[in-house]
Amino acid sequence: MTFRVAVHVLPRRGILDPQGKAVCGALHSLGFAQVADVHVGRHIVIETTAESAAAASASVTAMCHKLLANPVTEDFSIASVEST
């Protein structure tokens, strides 16, 4: 089966996020004073074949550990696994 797996990669809490700070400042200057903080990351969509949704999720998790997310500075989460 083919699955579409969505992954969110974000800077770890406590790690400096200059891009997030810049976006937060820009939002404040545009009148969005209610914005407390911004974290800028990546949204990655992978189409892969696997026996099941659980196997697809496990495979993409391994990809994140090996390449897609820097384990020192970033966290990731599997946002969705959909059969295509």
# chains A, B, ... in the order shown; residues from 1 in each chain; ligands from 1
call {"tool": "closest_atom_pairs", "arguments": {"of": "segment 16-55 of chain A", "to": "segment 67-72 of chain A", "cutoff": "12 Å", "atoms": "only C-alpha atoms", "output": "Markdown table"}}
result
| residue | atom | partner | partner_atom | distance |
| --- | --- | --- | --- | --- |
| A:Gly41 | CA | A:Ala69 | CA | 10.3 |
| A:Arg42 | CA | A:Ala69 | CA | 9.5 |
| A:His43 | CA | A:Leu68 | CA | 10.5 |
| A:Ile44 | CA | A:Leu68 | CA | 8.7 |
| A:Val45 | CA | A:Leu68 | CA | 11.2 |
| A:Ile46 | CA | A:Leu68 | CA | 11.0 |
call {"tool": "write_last_selection", "arguments": {"atoms": "C-alpha atoms", "output": "CSV table (one decimal), in the first residue's frame"}}
result
chain,number,residue,atom,x,y,z
A,41,GLY,CA,10.0,24.7,11.4
A,42,ARG,CA,9.4,22.5,8.4
A,43,HIS,CA,6.4,20.5,7.2
A,44,ILE,CA,7.5,17.5,5.2
A,45,VAL,CA,5.2,15.1,3.3
A,46,ILE,CA,6.6,11.7,2.3
call {"tool": "residues_around", "arguments": {"residues": "segment 3-20 of chain A", "least_positions_apart": "4", "cutoff": "7 Å", "atoms": "only C-alpha atoms", "output": "short mmCIF file (atom, residue, chain, number, x, y, z; two decimals) with N, CA and C atoms, in the first residue's frame"}}
result
data_model
loop_
_atom_site.label_atom_id
_atom_site.label_comp_id
_atom_site.auth_asym_id
_atom_site.auth_seq_id
_atom_site.Cartn_x
_atom_site.Cartn_y
_atom_site.Cartn_z
N CYS A 24 7.85 36.78 14.82
CA CYS A 24 7.10 37.31 15.96
C CYS A 24 7.17 38.83 15.97
N VAL A 38 6.68 32.62 18.41
CA VAL A 38 6.57 31.95 17.11
C VAL A 38 7.74 30.98 16.99
N HIS A 39 7.46 29.80 16.50
CA HIS A 39 8.51 28.81 16.20
C HIS A 39 8.36 28.44 14.73
N VAL A 40 9.42 28.59 13.98
CA VAL A 40 9.39 28.29 12.55
C VAL A 40 10.09 26.95 12.34
N GLY A 41 9.41 26.06 11.66
CA GLY A 41 9.97 24.74 11.38
C GLY A 41 9.71 24.34 9.95
N ARG A 42 9.64 23.03 9.75
CA ARG A 42 9.41 22.50 8.41
C ARG A 42 8.25 21.51 8.46
N HIS A 43 7.49 21.49 7.38
CA HIS A 43 6.42 20.51 7.21
C HIS A 43 6.85 19.65 6.02
N ILE A 44 7.04 18.36 6.26
CA ILE A 44 7.54 17.45 5.23
C ILE A 44 6.46 16.40 4.96
N VAL A 45 6.17 16.16 3.69
CA VAL A 45 5.21 15.13 3.30
C VAL A 45 5.96 14.08 2.50
N ILE A 46 5.87 12.85 2.95
CA ILE A 46 6.58 11.74 2.31
C ILE A 46 5.56 10.72 1.82
N GLU A 47 5.67 10.32 0.58
CA GLU A 47 4.85 9.23 0.05
C GLU A 47 5.73 7.98 0.04
N THR A 48 5.25 6.94 0.69
CA THR A 48 6.05 5.73 0.85
C THR A 48 5.15 4.50 0.78
N THR A 49 5.73 3.38 0.47
CA THR A 49 4.97 2.13 0.49
C THR A 49 5.30 1.38 1.77
N ALA A 56 4.39 2.32 7.99
CA ALA A 56 4.76 3.57 7.31
C ALA A 56 5.23 4.60 8.33
N ALA A 69 15.51 15.28 10.78
CA ALA A 69 15.54 16.16 11.95
C ALA A 69 16.90 16.05 12.62
N THR A 73 19.11 19.77 17.88
CA THR A 73 18.42 21.05 17.91
C THR A 73 16.94 20.99 17.54
N GLU A 74 16.45 19.84 17.07
CA GLU A 74 15.08 19.78 16.58
C GLU A 74 14.30 18.59 17.14
N ASP A 75 13.00 18.78 17.26
CA ASP A 75 12.07 17.71 17.58
C ASP A 75 11.18 17.49 16.37
N PHE A 76 10.61 16.30 16.25
CA PHE A 76 9.69 16.05 15.14
C PHE A 76 8.48 15.30 15.66
N SER A 77 7.40 15.40 14.91
CA SER A 77 6.21 14.62 15.22
C SER A 77 5.57 14.18 13.91
N ILE A 78 5.02 12.99 13.92
CA ILE A 78 4.27 12.49 12.78
C ILE A 78 2.88 13.11 12.90
N ALA A 79 2.53 13.96 11.94
CA ALA A 79 1.26 14.68 12.01
C ALA A 79 0.10 13.82 11.50
N SER A 80 0.33 13.05 10.45
CA SER A 80 -0.73 12.21 9.92
C SER A 80 -0.13 11.12 9.03
N VAL A 81 -0.87 10.02 8.94
CA VAL A 81 -0.53 8.92 8.05
C VAL A 81 -1.83 8.56 7.32
N GLU A 82 -1.84 8.78 6.00
CA GLU A 82 -3.04 8.54 5.21
C GLU A 82 -2.74 7.57 4.08
N SER A 83 -3.65 6.66 3.85
CA SER A 83 -3.54 5.75 2.72
C SER A 83 -3.92 6.51 1.46
N THR A 84 -3.15 6.31 0.38
CA THR A 84 -3.45 7.01 -0.87
C THR A 84 -3.93 6.05 -1.94
#
call {"tool": "select_by_dssp", "arguments": {"residues": "chain A", "states": "strand (DSSP E or B)", "output": "number ranges by chain"}}
result
A: 2-11, 42-49, 74-83
call {"tool": "residues_around", "arguments": {"residues": "Val35 of chain A", "least_positions_apart": "4", "cutoff": "10 Å", "atoms": "only C-alpha atoms", "output": "number ranges by chain"}}
result
A: 24-25, 27-28, 31
call {"tool": "write_last_selection", "arguments": {"atoms": "C-alpha atoms", "output": "PDB file, in the first residue's frame"}}
result
ATOM      1  CA  CYS A  24       7.100  37.306  15.957  1.00  0.00           C
ATOM      2  CA  GLY A  25       8.532  40.832  15.755  1.00  0.00           C
ATOM      3  CA  LEU A  27       3.627  40.181  13.463  1.00  0.00           C
ATOM      4  CA  HIS A  28       3.811  42.623  16.383  1.00  0.00           C
ATOM      5  CA  GLY A  31      -0.617  44.947  14.862  1.00  0.00           C
TER       6      GLY A  31
END
call {"tool": "atom_distance", "arguments": {"atom1": "atom CA of Gln34 of chain A", "atom2": "atom CA of Lys21 of chain A"}}
result
14.4 Å
call {"tool": "atom_distance", "arguments": {"atom1": "atom CA of Ala53 of chain A", "atom2": "atom CA of Thr2 of chain A"}}
result
9.1 Å
call {"tool": "select_by_dssp", "arguments": {"residues": "chain A", "states": "alpha helix (DSSP H)", "output": "PyMOL selection string"}}
result
chain A and resi 18-29+53-63
call {"tool": "decode", "arguments": {"residues": "chain A", "atoms": "C-alpha atoms", "output": "compact mmCIF listing (two decimals), in the first residue's frame"}}
result
# COMPACT_ATOMS: atom_id res chain seq x y z
CA MET A 1 0.00 0.00 0.00
CA THR A 2 1.03 3.60 -0.51
CA PHE A 3 0.85 6.07 2.37
CA ARG A 4 1.28 9.81 2.62
CA VAL A 5 3.00 10.69 5.90
CA ALA A 6 3.16 14.28 7.15
CA VAL A 7 5.94 15.26 9.55
CA HIS A 8 6.43 18.47 11.53
CA VAL A 9 10.00 19.41 12.46
CA LEU A 10 10.45 22.24 14.96
CA PRO A 11 13.32 23.71 16.95
CA ARG A 12 13.57 22.22 20.43
CA ARG A 13 12.18 24.34 23.24
CA GLY A 14 14.93 26.46 24.71
CA ILE A 15 16.95 26.49 21.47
CA LEU A 16 17.38 29.92 19.91
CA ASP A 17 15.02 30.33 16.95
CA PRO A 18 16.09 33.55 15.17
CA GLN A 19 13.62 33.07 12.33
CA GLY A 20 10.77 32.58 14.79
CA LYS A 21 11.79 35.72 16.71
CA ALA A 22 11.89 37.72 13.45
CA VAL A 23 8.42 36.51 12.46
CA CYS A 24 7.10 37.31 15.96
CA GLY A 25 8.53 40.83 15.75
CA ALA A 26 7.05 41.34 12.28
CA LEU A 27 3.63 40.18 13.46
CA HIS A 28 3.81 42.62 16.38
CA SER A 29 4.70 45.47 14.01
CA LEU A 30 1.67 44.53 11.87
CA GLY A 31 -0.62 44.95 14.86
CA PHE A 32 -0.84 41.37 16.12
CA ALA A 33 0.25 42.20 19.67
CA GLN A 34 -1.47 39.09 21.07
CA VAL A 35 1.20 36.81 19.53
CA ALA A 36 3.36 35.58 22.42
CA ASP A 37 5.92 33.49 20.54
CA VAL A 38 6.57 31.95 17.11
CA HIS A 39 8.51 28.81 16.20
CA VAL A 40 9.39 28.29 12.55
CA GLY A 41 9.97 24.74 11.38
CA ARG A 42 9.41 22.50 8.41
CA HIS A 43 6.42 20.51 7.21
CA ILE A 44 7.54 17.45 5.23
CA VAL A 45 5.21 15.13 3.30
CA ILE A 46 6.58 11.74 2.31
CA GLU A 47 4.85 9.23 0.05
CA THR A 48 6.05 5.73 0.85
CA THR A 49 4.97 2.13 0.49
CA ALA A 50 4.45 -0.09 3.52
CA GLU A 51 2.39 -3.04 4.73
CA SER A 52 0.36 -0.88 7.13
CA ALA A 53 -0.04 2.64 8.48
CA ALA A 54 1.96 1.63 11.56
CA ALA A 55 4.81 0.35 9.37
CA ALA A 56 4.76 3.57 7.31
CA SER A 57 4.90 5.65 10.49
CA ALA A 58 7.77 3.56 11.86
CA SER A 59 9.70 3.91 8.60
CA VAL A 60 9.28 7.69 8.48
CA THR A 61 10.24 7.91 12.15
CA ALA A 62 13.51 6.15 11.28
CA MET A 63 14.02 8.63 8.41
CA CYS A 64 13.57 11.51 10.84
CA HIS A 65 16.10 10.05 13.27
CA LYS A 66 18.66 9.45 10.51
CA LEU A 67 18.23 12.52 8.26
CA LEU A 68 15.17 14.74 8.42
CA ALA A 69 15.54 16.16 11.95
CA ASN A 70 18.72 17.23 13.72
CA PRO A 71 18.51 15.35 17.05
CA VAL A 72 20.54 18.03 18.84
CA THR A 73 18.42 21.05 17.91
CA GLU A 74 15.08 19.78 16.58
CA ASP A 75 12.07 17.71 17.58
CA PHE A 76 9.69 16.05 15.14
CA SER A 77 6.21 14.62 15.22
CA ILE A 78 4.27 12.49 12.78
CA ALA A 79 1.26 14.68 12.01
CA SER A 80 -0.73 12.21 9.92
CA VAL A 81 -0.53 8.92 8.05
CA GLU A 82 -3.04 8.54 5.21
CA SER A 83 -3.54 5.75 2.72
CA THR A 84 -3.45 7.01 -0.87
